[in-house]
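Written below as structure tokens is the structure these notes are about.
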Amino acid sequence: MRIHRISLPLSNAFLICDRKNLLVDAGCRTDLSELVKQIENCGVRLKNLAGVVLTHVHFDHCGCASELRKAGVPVIASSQSRKSLSDGVQEGKTLLNKAPSFLRSSLQRTLPSAFPGVEVDVPVVDSLDLHDFGVDGRVAETPGHTEASLSVILANNAACVGDLLMGGVLGLPPAWKPAQHPSSADFIACLDQIQRLRKRGIESFYVGHGDVLEARHIDRWIANQSSHS
Ligand SMILES: [Zn+2]
């Protein structure tokens, strides 16, 4: 199994190449050509994607899902998110709402905070074995960043966790350093899910923003968080 990081202007997507190819997350709506280009650079055509897993309903993770689905890629997402995805409406707190007011208006102008609505082909309830999608792993509910957030837990001790945590503050360096995502709905729940994943043996965390986070940095960060609370 190989996991390719697809680095987009605001977020990461990941291309998992196992028996088949699976995409995790779909960038902003403006990222389509770059997303397709990087997928093709990995030697994969859109028609050879077994599916796209959306970790959560934020504009920088679902932006191209509608176009991918039009190209024949099945959309895999939480069953709880069917309506918000169909309506093209973000869930929970958003970065925009948390931004200081002097930043908000310029962010509103520059960020495409809406995304085209998309139907869910494979709704996930609790957990989904990815065997039929050609990947040794599963999709699991990991609530915290949003109530319906999902992670892709892979057999090689890696997990794509969306925005459960991020590398660097707002993606700024040092991008290897774990941090809470500022728009997370529930920090405590995020921390709890991260600890559960560590107990299950996850060593590498593929996050929506910043670098891939390694266990030793995460463990130190968790210890610091606990000692401050
Ligand atoms: Zn998010």
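Just so we're on the same page: first chain in the structure tokens is A, next is B, and so on; residues restart at 1 for each chain, and ligands are numbered from 1 in the order they show up.
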Can you list every residue in range 37-166 of chain A that DSSP puts in helix (DSSP H, G or I), as a ChimeraX atom specification? /A:37-41,46-48,59-62,65-70,79-87,95-98,101-110,131-133
Near Leu46 in chain A, within 12 Å and counting only C-alpha atoms, which residues show up once chain neighbours fewer than 3 positions away are dropped, as a PyMOL selection string? chain A and resi 15+20-23+32-33+35-43+49-52+65+67-74
Compile a residue-level contact table for range 2-46 of chain A against range 137-149 of chain A at a cut-off of 12 Å, reporting for every qualifying residue the shortest atom pair and its distance in Å to one decimal, with only C-alpha atoms counted, rows ordered by chain and ascending number, as a Markdown table.
| residue | atom | partner | partner_atom | distance |
| --- | --- | --- | --- | --- |
| A:Ile16 | CA | A:Gly137 | CA | 10.5 |
| A:Cys17 | CA | A:Gly137 | CA | 11.9 |
| A:Asp18 | CA | A:Gly137 | CA | 10.1 |
| A:Arg19 | CA | A:Gly137 | CA | 11.6 |
| A:Leu22 | CA | A:Gly137 | CA | 11.1 |
| A:Val24 | CA | A:Val139 | CA | 10.4 |
| A:Asp25 | CA | A:Ser149 | CA | 11.8 |
Filtering to N, CA and C atoms, could you give me those residues as a PDB file, in the first residue's frame?
ATOM      1  N   ILE A  16      -4.733   6.756  -1.804  1.00  0.00           N
ATOM      2  CA  ILE A  16      -4.274   5.464  -1.281  1.00  0.00           C
ATOM      3  C   ILE A  16      -4.265   4.476  -2.440  1.00  0.00           C
ATOM      4  N   CYS A  17      -3.098   3.946  -2.742  1.00  0.00           N
ATOM      5  CA  CYS A  17      -2.962   2.964  -3.824  1.00  0.00           C
ATOM      6  C   CYS A  17      -2.680   1.606  -3.202  1.00  0.00           C
ATOM      7  N   ASP A  18      -3.670   0.738  -3.268  1.00  0.00           N
ATOM      8  CA  ASP A  18      -3.529  -0.622  -2.730  1.00  0.00           C
ATOM      9  C   ASP A  18      -3.929  -1.557  -3.865  1.00  0.00           C
ATOM     10  N   ARG A  19      -4.825  -2.541  -3.649  1.00  0.00           N
ATOM     11  CA  ARG A  19      -5.313  -3.340  -4.783  1.00  0.00           C
ATOM     12  C   ARG A  19      -6.071  -2.440  -5.752  1.00  0.00           C
ATOM     13  N   LEU A  22      -7.989   4.695  -3.846  1.00  0.00           N
ATOM     14  CA  LEU A  22      -9.043   5.382  -3.099  1.00  0.00           C
ATOM     15  C   LEU A  22      -8.543   6.778  -2.745  1.00  0.00           C
ATOM     16  N   VAL A  24      -8.929  10.220  -0.452  1.00  0.00           N
ATOM     17  CA  VAL A  24      -9.488  10.724   0.803  1.00  0.00           C
ATOM     18  C   VAL A  24      -9.502  12.249   0.716  1.00  0.00           C
ATOM     19  N   ASP A  25     -10.673  12.812   0.764  1.00  0.00           N
ATOM     20  CA  ASP A  25     -10.955  14.246   0.694  1.00  0.00           C
ATOM     21  C   ASP A  25     -10.734  14.829  -0.713  1.00  0.00           C
TER      22      ASP A  25
END
For Gln80 in chain A, list every protein, DNA or RNA residue within 10 Å, evaluated using only C-alpha atoms, and leave out those in the same chain fewer than 2 positions away; present the list as number ranges by chain. A: 77-78, 82-85, 123-125, 147-149
Given the selection you just returned, output its residues as a file containing C-alpha atoms, formatted as a PDB file, in the first residue's frame.
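Below you can see part27.pdb, which holds the result:
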ATOM      1  CA  ALA A  77     -19.354   9.853   3.624  1.00  0.00           C
ATOM      2  CA  SER A  78     -21.057   9.733   6.994  1.00  0.00           C
ATOM      3  CA  ARG A  82     -26.134  13.273   3.631  1.00  0.00           C
ATOM      4  CA  LYS A  83     -28.285  16.380   3.891  1.00  0.00           C
ATOM      5  CA  SER A  84     -25.498  18.901   4.469  1.00  0.00           C
ATOM      6  CA  LEU A  85     -23.528  17.425   1.545  1.00  0.00           C
ATOM      7  CA  PRO A 123     -23.288   6.265   3.592  1.00  0.00           C
ATOM      8  CA  VAL A 124     -21.144   5.157   6.534  1.00  0.00           C
ATOM      9  CA  VAL A 125     -22.875   4.114   9.746  1.00  0.00           C
ATOM     10  CA  GLU A 147     -19.903  15.561  15.025  1.00  0.00           C
ATOM     11  CA  ALA A 148     -19.918  13.342  11.933  1.00  0.00           C
ATOM     12  CA  SER A 149     -16.163  13.298  11.186  1.00  0.00           C
TER      13      SER A 149
END
Using DSSP on the backbone coordinates, identify the residues of range 47-158 of chain A assigned to strand (DSSP E or B); present them as a count of residues only. 26
Produce as a PyMOL selection string the set of residues near ligand 1, where near means within 10 Å with only C-alpha atoms and all ligand atoms considered. chain A and resi 11+55-62+90-95+145-146+149+162-166+181-185+208-209
Residue with smallest distance to Gly168 in chain A - pool A:His217, A:Arg200, A:Arg45, A:His4, counting only C-alpha atoms: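 Closest to Gly168 in chain A of all the choices is A:His217.
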